[in-house]
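Peer 1: One file: work-v2.cif (mmCIF, C-alpha atoms).
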```cif
data_coords
#
loop_
_atom_site.label_atom_id
_atom_site.label_comp_id
_atom_site.auth_asym_id
_atom_site.auth_seq_id
_atom_site.Cartn_x
_atom_site.Cartn_y
_atom_site.Cartn_z
CA MET O 131 -7.65 21.62 5.56
CA ILE O 132 -5.21 19.07 7.00
CA ASP O 133 -1.45 19.60 6.69
CA CYS O 134 1.17 17.23 5.21
CA ARG O 135 2.03 15.66 8.56
CA GLN O 136 -1.62 14.78 9.24
CA ALA O 137 -2.04 13.55 5.68
CA VAL O 138 0.96 11.20 5.93
CA SER O 139 -0.23 9.86 9.28
CA ARG O 140 -3.46 8.67 7.61
CA MET O 141 -2.10 7.22 4.38
CA TRP O 142 -1.67 3.57 5.39
CA ALA O 143 -5.18 3.53 6.83
CA TYR O 144 -6.48 5.30 3.72
CA LEU O 145 -5.24 2.42 1.57
CA SER O 146 -7.09 -0.01 3.88
CA ARG O 147 -10.34 1.90 4.13
CA ASP O 148 -13.66 0.11 4.00
CA PRO O 149 -15.26 -0.10 0.58
CA GLY O 150 -17.29 3.02 -0.03
CA ALA O 151 -15.69 4.96 2.83
CA SER O 152 -14.42 8.38 1.87
CA ASP O 153 -11.66 10.45 3.39
CA ALA O 154 -12.65 13.83 2.02
CA ASP O 155 -10.11 16.08 3.77
CA LEU O 156 -7.20 13.76 2.90
CA GLU O 157 -8.35 13.58 -0.70
CA GLN O 158 -8.70 17.35 -0.79
CA HIS O 159 -5.12 17.68 0.49
CA LEU O 160 -3.86 15.19 -2.09
CA GLY O 161 -5.55 17.24 -4.80
CA THR O 162 -3.28 20.18 -4.01
CA CYS O 163 -0.04 18.61 -2.72
CA LEU O 164 2.33 16.93 -5.15
CA ARG O 165 4.70 15.88 -2.38
CA CYS O 166 1.95 13.96 -0.55
CA CYS O 167 0.86 12.29 -3.81
CA GLY O 168 4.43 10.98 -4.04
CA GLU O 169 4.34 9.88 -0.43
CA LEU O 170 1.03 8.06 -1.01
CA GLU O 171 2.56 6.22 -3.97
CA PHE O 172 5.56 5.32 -1.82
CA THR O 173 3.19 4.04 0.91
CA ARG O 174 1.52 1.83 -1.69
CA GLU O 175 4.90 0.45 -2.81
CA LEU O 176 6.01 -0.11 0.78
CA ARG O 177 2.85 -2.12 1.51
CA SER O 178 3.30 -4.13 -1.64
CA ARG O 179 6.96 -4.88 -0.78
CA LEU O 180 5.92 -5.98 2.72
CA ALA O 181 3.08 -8.13 1.38
CA GLY O 182 5.43 -9.85 -1.06
CA ALA O 183 8.01 -10.55 1.64
CA GLU O 184 5.52 -11.94 4.13
CA VAL O 185 3.74 -14.38 1.82
CA GLN O 186 4.42 -17.88 3.09
CA THR O 187 4.07 -21.24 1.45
CA MET O 188 2.85 -23.92 3.78
CA PRO O 189 5.23 -26.92 3.86
CA PHE O 190 3.69 -30.14 2.57
CA GLU O 191 4.01 -31.95 5.92
CA ALA O 192 2.35 -29.09 7.78
CA ARG O 193 -0.53 -29.03 5.31
CA ALA O 194 -1.03 -32.78 5.68
CA ARG O 195 -1.04 -32.39 9.47
CA MET O 196 -3.65 -29.61 9.33
CA GLN O 197 -5.81 -31.58 6.92
CA ARG O 198 -5.72 -34.55 9.30
CA ILE O 199 -6.94 -32.26 12.07
CA LEU O 200 -9.65 -30.73 9.93
CA HIS O 201 -10.98 -34.10 8.89
CA GLN O 202 -9.85 -35.96 12.03
CA VAL O 203 -7.91 -38.58 10.10
CA PRO O 204 -5.36 -40.39 12.29
CA PRO O 205 -1.69 -40.00 11.26
CA PRO O 206 -0.32 -42.87 9.05
CA GLU O 207 1.53 -44.58 11.94
CA MET O 208 -1.72 -44.98 13.90
CA ARG O 209 -3.74 -46.55 11.10
CA MET X 291 -34.56 -43.20 19.54
CA ASN X 292 -32.65 -45.49 21.93
CA ALA X 293 -29.41 -44.58 23.72
CA THR X 294 -27.17 -46.21 21.08
CA SER X 295 -28.83 -44.53 18.13
CA THR X 296 -28.79 -41.19 19.94
CA ALA X 297 -25.03 -41.60 20.45
CA ASP X 298 -24.62 -42.66 16.79
CA HIS X 299 -26.61 -39.65 15.68
CA ALA X 300 -24.47 -37.33 17.83
CA THR X 301 -21.28 -38.89 16.43
CA ALA X 302 -22.56 -38.58 12.87
CA THR X 303 -23.49 -34.93 13.49
CA ARG X 304 -20.02 -34.25 14.88
CA HIS X 305 -18.39 -35.85 11.82
CA HIS X 306 -20.67 -33.83 9.57
CA GLU X 307 -19.80 -30.55 11.37
CA ARG X 308 -16.09 -31.44 11.22
CA ASP X 309 -16.26 -32.07 7.48
CA ASP X 310 -18.16 -28.80 7.05
CA PHE X 311 -15.51 -26.99 9.05
CA GLY X 312 -12.74 -28.60 7.01
CA GLU X 313 -14.39 -27.58 3.74
CA LEU X 314 -14.82 -24.02 4.99
CA VAL X 315 -11.29 -23.61 6.31
CA GLU X 316 -9.18 -25.31 3.65
CA PRO X 317 -9.19 -22.35 1.21
CA HIS X 318 -7.83 -20.13 4.02
CA LEU X 319 -5.11 -22.48 5.31
CA ASP X 320 -2.20 -20.78 3.53
CA ALA X 321 -3.19 -17.30 4.69
CA LEU X 322 -3.73 -18.52 8.26
CA TYR X 323 -0.39 -20.30 8.20
CA GLY X 324 1.31 -17.11 6.94
CA TYR X 325 -0.29 -15.12 9.75
CA CYS X 326 0.90 -17.71 12.30
CA VAL X 327 4.46 -17.50 10.91
CA SER X 328 4.35 -13.70 11.20
CA LEU X 329 3.30 -13.98 14.84
CA SER X 330 5.64 -16.77 15.90
CA ASP X 331 9.33 -17.07 16.68
CA ASN X 332 9.78 -20.01 14.29
CA ARG X 333 7.90 -22.30 11.90
CA HIS X 334 7.48 -25.04 14.47
CA ASP X 335 5.68 -22.63 16.82
CA ALA X 336 3.65 -21.36 13.88
CA GLU X 337 2.40 -24.86 13.07
CA ASP X 338 1.51 -25.53 16.70
CA LEU X 339 -0.31 -22.21 16.88
CA LEU X 340 -2.30 -22.98 13.74
CA GLN X 341 -3.13 -26.48 14.97
CA GLU X 342 -4.42 -25.20 18.30
CA ALA X 343 -6.43 -22.45 16.59
CA LEU X 344 -8.04 -24.95 14.19
CA ILE X 345 -9.06 -27.20 17.07
CA ARG X 346 -10.58 -24.20 18.86
CA GLY X 347 -12.35 -23.11 15.71
CA MET X 348 -13.77 -26.58 15.15
CA SER X 349 -15.31 -26.69 18.60
CA GLY X 350 -16.54 -23.10 18.37
CA LEU X 351 -18.06 -23.15 14.90
CA SER X 352 -21.48 -22.36 16.42
CA THR X 353 -20.10 -18.93 17.50
CA LEU X 354 -19.72 -17.94 13.85
CA ARG X 355 -22.85 -15.84 13.50
CA GLU X 356 -22.20 -14.37 10.08
CA PRO X 357 -20.85 -16.95 7.60
CA GLY X 358 -19.74 -14.07 5.33
CA LYS X 359 -17.23 -13.13 8.01
CA LEU X 360 -15.60 -16.55 8.22
CA ARG X 361 -12.16 -15.24 7.25
CA SER X 362 -12.00 -12.54 9.91
CA TRP X 363 -13.50 -15.00 12.44
CA LEU X 364 -10.63 -17.42 11.73
CA PHE X 365 -8.00 -14.68 12.05
CA THR X 366 -9.61 -13.63 15.35
CA ILE X 367 -9.28 -17.18 16.67
CA VAL X 368 -5.61 -17.32 15.67
CA THR X 369 -4.98 -13.95 17.34
CA ASN X 370 -6.70 -14.99 20.58
CA THR X 371 -4.91 -18.35 20.60
CA TRP X 372 -1.57 -16.58 20.09
CA ARG X 373 -2.31 -14.19 23.00
CA ASP X 374 -3.31 -17.08 25.27
CA ARG X 375 -0.15 -19.01 24.39
CA LEU X 376 2.00 -15.96 25.21
CA ARG X 377 0.17 -15.57 28.51
CA ALA X 378 0.66 -19.24 29.33
CA ARG X 379 4.41 -18.77 28.83
CA GLY X 380 4.37 -15.80 31.18
CA ARG X 381 4.92 -13.35 28.34
CA ARG X 382 2.73 -10.46 27.39
CA VAL X 383 2.28 -8.45 24.25
CA SER X 384 4.59 -5.46 24.48
CA THR X 385 2.87 -2.20 23.58
CA THR X 386 5.90 0.09 23.62
CA SER X 387 8.42 0.37 20.84
CA LEU X 388 12.15 0.54 21.42
CA ASP X 389 12.49 4.07 20.22
CA ALA X 390 9.06 5.62 20.32
CA SER X 391 10.34 9.16 20.72
CA SER X 392 12.12 9.61 17.39
CA GLU X 393 10.27 7.33 14.98
CA ASP X 394 7.22 9.58 14.48
CA ASP X 395 9.40 12.35 13.11
CA PHE X 396 11.35 10.14 10.73
CA SER X 397 10.29 10.20 7.09
CA LEU X 398 11.92 7.71 4.76
CA PHE X 399 10.37 9.49 1.79
CA GLU X 400 11.99 12.76 2.88
CA THR X 401 15.30 11.15 3.89
CA LEU X 402 15.69 9.56 0.46
CA ALA X 403 14.88 12.86 -1.25
CA VAL X 404 17.42 14.79 0.85
CA ASP X 405 20.27 12.23 1.06
CA ASP X 406 19.67 11.22 -2.56
CA PRO X 407 21.52 7.88 -2.55
CA PHE X 408 20.74 7.31 -6.26
CA PRO X 409 21.54 10.64 -7.93
CA TYR X 410 20.77 9.41 -11.45
CA SER X 411 17.57 7.57 -10.65
CA ASP X 412 14.15 8.55 -11.96
CA GLU X 413 12.57 6.18 -9.46
CA LEU X 414 14.46 7.05 -6.31
CA HIS X 415 11.99 5.57 -3.82
CA LEU X 416 11.29 2.44 -5.81
CA ASP X 417 15.02 1.87 -6.34
CA PHE X 418 15.51 2.03 -2.60
CA LEU X 419 12.89 -0.67 -1.97
CA ARG X 420 14.43 -2.81 -4.71
CA LEU X 421 17.66 -3.00 -2.69
CA PHE X 422 16.04 -5.35 -0.21
CA ARG X 423 15.68 -9.09 -0.53
CA SER X 424 12.46 -10.49 0.92
CA ALA X 425 14.49 -11.99 3.78
CA ASP X 426 15.86 -8.50 4.55
CA VAL X 427 12.36 -7.01 4.69
CA ARG X 428 11.23 -9.85 6.94
CA SER X 429 14.15 -9.40 9.32
CA VAL X 430 13.49 -5.65 9.61
CA PHE X 431 9.78 -6.29 10.03
CA ARG X 432 10.40 -8.76 12.86
CA GLU X 433 12.08 -6.00 14.87
CA LEU X 434 8.83 -4.04 15.06
CA THR X 435 6.80 -4.12 18.25
CA PRO X 436 4.16 -6.87 17.83
CA VAL X 437 1.25 -4.51 18.49
CA HIS X 438 2.42 -2.37 15.60
CA ARG X 439 3.36 -5.28 13.39
CA MET X 440 -0.01 -7.01 13.59
CA PRO X 441 -2.20 -4.24 12.09
CA LEU X 442 0.32 -3.85 9.25
CA ILE X 443 0.17 -7.58 8.51
CA LEU X 444 -3.62 -7.73 8.62
CA THR X 445 -4.08 -4.74 6.30
CA ALA X 446 -1.17 -4.97 3.86
CA VAL X 447 -0.61 -8.72 3.68
CA HIS X 448 -4.11 -10.10 4.24
CA GLY X 449 -6.17 -7.25 2.82
CA PHE X 450 -8.38 -6.53 5.81
CA SER X 451 -9.85 -3.06 6.25
CA CYS X 452 -8.98 -0.98 9.31
CA LYS X 453 -12.36 -1.79 10.87
CA GLU X 454 -11.87 -5.51 10.32
CA ALA X 455 -8.34 -5.34 11.75
CA ALA X 456 -9.71 -3.50 14.82
CA SER X 457 -12.31 -6.22 15.30
CA ILE X 458 -9.76 -9.06 14.87
CA LEU X 459 -7.37 -7.47 17.37
CA ASP X 460 -10.24 -6.40 19.65
CA VAL X 461 -9.11 -2.78 19.96
CA PRO X 462 -10.90 0.49 19.11
CA LEU X 463 -10.61 1.79 15.54
CA GLY X 464 -8.68 4.86 16.75
CA THR X 465 -6.05 2.60 18.30
CA ILE X 466 -5.61 0.74 15.01
CA LEU X 467 -5.24 3.97 13.05
CA SER X 468 -2.54 5.19 15.40
CA ARG X 469 -0.74 1.81 15.43
CA LEU X 470 -0.78 1.64 11.64
CA HIS X 471 1.01 4.96 11.44
CA ARG X 472 3.47 4.17 14.24
CA GLY X 473 4.14 0.74 12.75
CA ARG X 474 4.75 2.22 9.34
CA LYS X 475 7.20 4.70 10.83
CA GLN X 476 9.04 1.89 12.63
CA LEU X 477 9.22 -0.02 9.37
CA GLU X 478 10.60 3.00 7.50
CA ARG X 479 13.21 3.67 10.18
CA GLY X 480 14.16 -0.03 10.26
CA LEU X 481 14.62 -0.21 6.48
CA TRP X 482 16.75 2.92 6.40
CA ASP X 483 18.95 1.78 9.32
CA PHE X 484 19.35 -1.65 7.68
CA ALA X 485 20.36 -0.05 4.38
CA VAL X 486 22.94 2.21 6.03
CA ARG X 487 24.29 -0.55 8.31
CA ASN X 488 24.71 -2.97 5.40
CA ARG X 489 26.06 -0.27 3.09
CA LEU X 490 23.23 -0.69 0.61
CA VAL X 491 23.23 3.09 0.36
CA GLU X 492 26.02 5.59 0.72
CA VAL X 493 25.12 8.57 2.79
CA PRO X 494 27.14 11.73 3.30
CA GLU X 495 29.17 11.76 6.53
CA ASP X 496 28.02 14.18 9.24
CA ASP X 497 30.33 17.16 9.67
#
```
Written as structure tokens, how would this file's structure read?

Peer 2:
Amino acid sequence: MIDCRQAVSRMWAYLSRDPGASDADLEQHLGTCLRCCGELEFTRELRSRLAGAEVQTMPFEARARMQRILHQVPPPEMR
Amino acid sequence: MNATSTADHATATRHHERDDFGELVEPHLDALYGYCVSLSDNRHDAEDLLQEALIRGMSGLSTLREPGKLRSWLFTIVTNTWRDRLRARGRRVSTTSLDASSEDDFSLFETLAVDDPFPYSDELHLDFLRLFRSADVRSVFRELTPVHRMPLILTAVHGFSCKEAASILDVPLGTILSRLHRGRKQLERGLWDFAVRNRLVEVPEDD
């Protein structure tokens, strides 16, 4: 069975595993280790905090510029 | 078909492909823009990066073999464009962190439990994360080595699996797994150092 150090080193990846993929030895460890269950929960919260902080809203001007590129519309001053 | 109508047909096809590309990409613009901001030094660079990537994508739409993988294909184009732009500026993607020796041993989870900065809290670890404004998290995150930052962004922010992130970054799966862990450790160390430096937590003085 894996130890706590190995379990922690795989937690971020575990939360990003492919659908259907299993991680039997990590799950077996989690089934017996309360400390690592707490660490897994903390990993989840850390990811969520990071995701919330990194979400960006595209400025209106930038969106208009990208849409012009996507549809090849010349900018207003060239029309 | 004469020469003029052949040219007209080619132009019409190009317009059609462009419109198709636009329709396909528009739902992903915000996520792609966010990824560009994460990779760039400032918003102006991020917009230029996205613009260049979109132009590349438009001319390379025929290389998209599996339409179901459009999103990861677009992120791959942004990543490659970003790498090429760095190369053109004579910069390369650094693969070593500033303090690689100590970060693997650091555990924020453990540090919080031992130093106990919130003695009366039932949610010690959550309370610690609540101390940070989004701008604080971003500034700590920006200090991470880019090769460690990118897999974290792709998985946590954009919801890609490890395999997808490996494919987007064009590195073996094992490399991604190790970078995810190292990146996470850098992030933990950065958050703790930020909290101590800015007196968000009070820690006992060393004897």

Peer 1: Please report as JSON lines every residue of chain X lying within 6 Å of chain O, along with the nearest atom pair and their distance in Å (one decimal), using only C-alpha atoms.

Peer 2:
```
{"residue": "X:Asp309", "atom": "CA", "partner": "O:His201", "partner_atom": "CA", "distance": 5.8}
{"residue": "X:Gly312", "atom": "CA", "partner": "O:Leu200", "partner_atom": "CA", "distance": 4.8}
{"residue": "X:Asp320", "atom": "CA", "partner": "O:Met188", "partner_atom": "CA", "distance": 6.0}
{"residue": "X:Gly324", "atom": "CA", "partner": "O:Gln186", "partner_atom": "CA", "distance": 5.0}
{"residue": "X:Ser424", "atom": "CA", "partner": "O:Ala183", "partner_atom": "CA", "distance": 4.5}
{"residue": "X:Ala446", "atom": "CA", "partner": "O:Arg177", "partner_atom": "CA", "distance": 5.5}
{"residue": "X:Val447", "atom": "CA", "partner": "O:Ala181", "partner_atom": "CA", "distance": 4.4}
{"residue": "X:Ser451", "atom": "CA", "partner": "O:Ser146", "partner_atom": "CA", "distance": 4.7}
{"residue": "X:Cys452", "atom": "CA", "partner": "O:Ser146", "partner_atom": "CA", "distance": 5.8}
{"residue": "X:His471", "atom": "CA", "partner": "O:Ser139", "partner_atom": "CA", "distance": 5.5}
```

Peer 1: Grab the atom CA of Leu419 of chain X to atom CA of Leu490 of chain X distance for me, in Å with one decimal place.

Peer 2: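 Result for atom CA of Leu419 of chain X versus atom CA of Leu490 of chain X: 10.7 Å, one decimal.
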
Peer 1: Measuring between all atoms listed in the file, which one of X:Leu319, X:Leu329, X:Leu360, X:Leu402 shows the shortest distance to Leu376 of chain X?

Peer 2: X:Leu329

Peer 1: For the provided coordinates, the residues matched by the PyMOL selection byres ((chain X and resi 455) around 12) should be stated as a PyMOL selection string.

Peer 2: (chain O and resi 143+146-148) or (chain X and resi 361-363+365-366+369+437-454+456-467+469-470)

Peer 1: Keeping only C-alpha atoms, write the selected residues as a CSV table (one decimal), in the coordinates of the input.

Peer 2:
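Output file part13.csv is given in full below:
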```csv
chain,number,residue,atom,x,y,z
O,143,ALA,CA,-5.2,3.5,6.8
O,146,SER,CA,-7.1,0.0,3.9
O,147,ARG,CA,-10.3,1.9,4.1
O,148,ASP,CA,-13.7,0.1,4.0
X,361,ARG,CA,-12.2,-15.2,7.2
X,362,SER,CA,-12.0,-12.5,9.9
X,363,TRP,CA,-13.5,-15.0,12.4
X,365,PHE,CA,-8.0,-14.7,12.0
X,366,THR,CA,-9.6,-13.6,15.4
X,369,THR,CA,-5.0,-14.0,17.3
X,437,VAL,CA,1.2,-4.5,18.5
X,438,HIS,CA,2.4,-2.4,15.6
X,439,ARG,CA,3.4,-5.3,13.4
X,440,MET,CA,0.0,-7.0,13.6
X,441,PRO,CA,-2.2,-4.2,12.1
X,442,LEU,CA,0.3,-3.8,9.2
X,443,ILE,CA,0.2,-7.6,8.5
X,444,LEU,CA,-3.6,-7.7,8.6
X,445,THR,CA,-4.1,-4.7,6.3
X,446,ALA,CA,-1.2,-5.0,3.9
X,447,VAL,CA,-0.6,-8.7,3.7
X,448,HIS,CA,-4.1,-10.1,4.2
X,449,GLY,CA,-6.2,-7.2,2.8
X,450,PHE,CA,-8.4,-6.5,5.8
X,451,SER,CA,-9.8,-3.1,6.2
X,452,CYS,CA,-9.0,-1.0,9.3
X,453,LYS,CA,-12.4,-1.8,10.9
X,454,GLU,CA,-11.9,-5.5,10.3
X,456,ALA,CA,-9.7,-3.5,14.8
X,457,SER,CA,-12.3,-6.2,15.3
X,458,ILE,CA,-9.8,-9.1,14.9
X,459,LEU,CA,-7.4,-7.5,17.4
X,460,ASP,CA,-10.2,-6.4,19.6
X,461,VAL,CA,-9.1,-2.8,20.0
X,462,PRO,CA,-10.9,0.5,19.1
X,463,LEU,CA,-10.6,1.8,15.5
X,464,GLY,CA,-8.7,4.9,16.8
X,465,THR,CA,-6.0,2.6,18.3
X,466,ILE,CA,-5.6,0.7,15.0
X,467,LEU,CA,-5.2,4.0,13.0
X,469,ARG,CA,-0.7,1.8,15.4
X,470,LEU,CA,-0.8,1.6,11.6
```

Peer 1: Report the residues retrieved by the PyMOL selection byres ((chain O and resi 152-162) around 7) from the displayed file, expressed as a VMD selection string.

Peer 2: chain O and resid 131 to 132 137 150 to 151 163 to 164 166 to 167

Peer 1: Report, in Å with one decimal, the straight-line distance from atom CA of Glu342 of chain X to atom CA of Lys359 of chain X.

Peer 2: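 Interatomic distance here is 20.4 Å.
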
Peer 1: Do you have the atom CA of Val430 of chain X-atom CA of Phe418 of chain X distance handy?

Peer 2: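 Rounded to one decimal, the two atoms are 14.6 Å apart.
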
Peer 1: Mind rebuilding segment 138-151 of chain O with N, CA and C atoms and writing that out as a JSON list (two decimals), in the coordinates of the input?

Peer 2:
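Generated output (selection_17.json):
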```json
[["chain", "number", "residue", "atom", "x", "y", "z"],
["O", 138, "VAL", "N", 0.08, 12.38, 5.93],
["O", 138, "VAL", "CA", 0.96, 11.20, 5.93],
["O", 138, "VAL", "C", 0.54, 10.22, 7.01],
["O", 139, "SER", "N", 0.13, 10.74, 8.17],
["O", 139, "SER", "CA", -0.23, 9.86, 9.28],
["O", 139, "SER", "C", -1.47, 9.02, 8.97],
["O", 140, "ARG", "N", -2.22, 9.41, 7.93],
["O", 140, "ARG", "CA", -3.46, 8.67, 7.61],
["O", 140, "ARG", "C", -3.36, 7.84, 6.34],
["O", 141, "MET", "N", -2.18, 7.85, 5.71],
["O", 141, "MET", "CA", -2.10, 7.22, 4.38],
["O", 141, "MET", "C", -2.24, 5.70, 4.40],
["O", 142, "TRP", "N", -1.58, 5.04, 5.35],
["O", 142, "TRP", "CA", -1.67, 3.57, 5.39],
["O", 142, "TRP", "C", -3.12, 3.16, 5.60],
["O", 143, "ALA", "N", -3.77, 3.85, 6.54],
["O", 143, "ALA", "CA", -5.18, 3.53, 6.83],
["O", 143, "ALA", "C", -6.06, 3.85, 5.61],
["O", 144, "TYR", "N", -5.71, 4.91, 4.90],
["O", 144, "TYR", "CA", -6.48, 5.30, 3.72],
["O", 144, "TYR", "C", -6.47, 4.18, 2.68],
["O", 145, "LEU", "N", -5.34, 3.51, 2.55],
["O", 145, "LEU", "CA", -5.24, 2.42, 1.57],
["O", 145, "LEU", "C", -5.93, 1.15, 2.07],
["O", 146, "SER", "N", -6.37, 1.15, 3.34],
["O", 146, "SER", "CA", -7.09, -0.01, 3.88],
["O", 146, "SER", "C", -8.49, 0.40, 4.32],
["O", 147, "ARG", "N", -9.02, 1.44, 3.69],
["O", 147, "ARG", "CA", -10.34, 1.90, 4.13],
["O", 147, "ARG", "C", -11.42, 0.92, 3.67],
["O", 148, "ASP", "N", -12.54, 0.98, 4.38],
["O", 148, "ASP", "CA", -13.66, 0.11, 4.00],
["O", 148, "ASP", "C", -14.21, 0.53, 2.65],
["O", 149, "PRO", "N", -14.72, -0.45, 1.88],
["O", 149, "PRO", "CA", -15.26, -0.10, 0.58],
["O", 149, "PRO", "C", -16.35, 0.97, 0.74],
["O", 150, "GLY", "N", -16.26, 1.97, -0.08],
["O", 150, "GLY", "CA", -17.29, 3.02, -0.03],
["O", 150, "GLY", "C", -16.97, 4.15, 0.95],
["O", 151, "ALA", "N", -16.01, 3.91, 1.85],
["O", 151, "ALA", "CA", -15.69, 4.96, 2.83],
["O", 151, "ALA", "C", -14.89, 6.06, 2.14]]
```
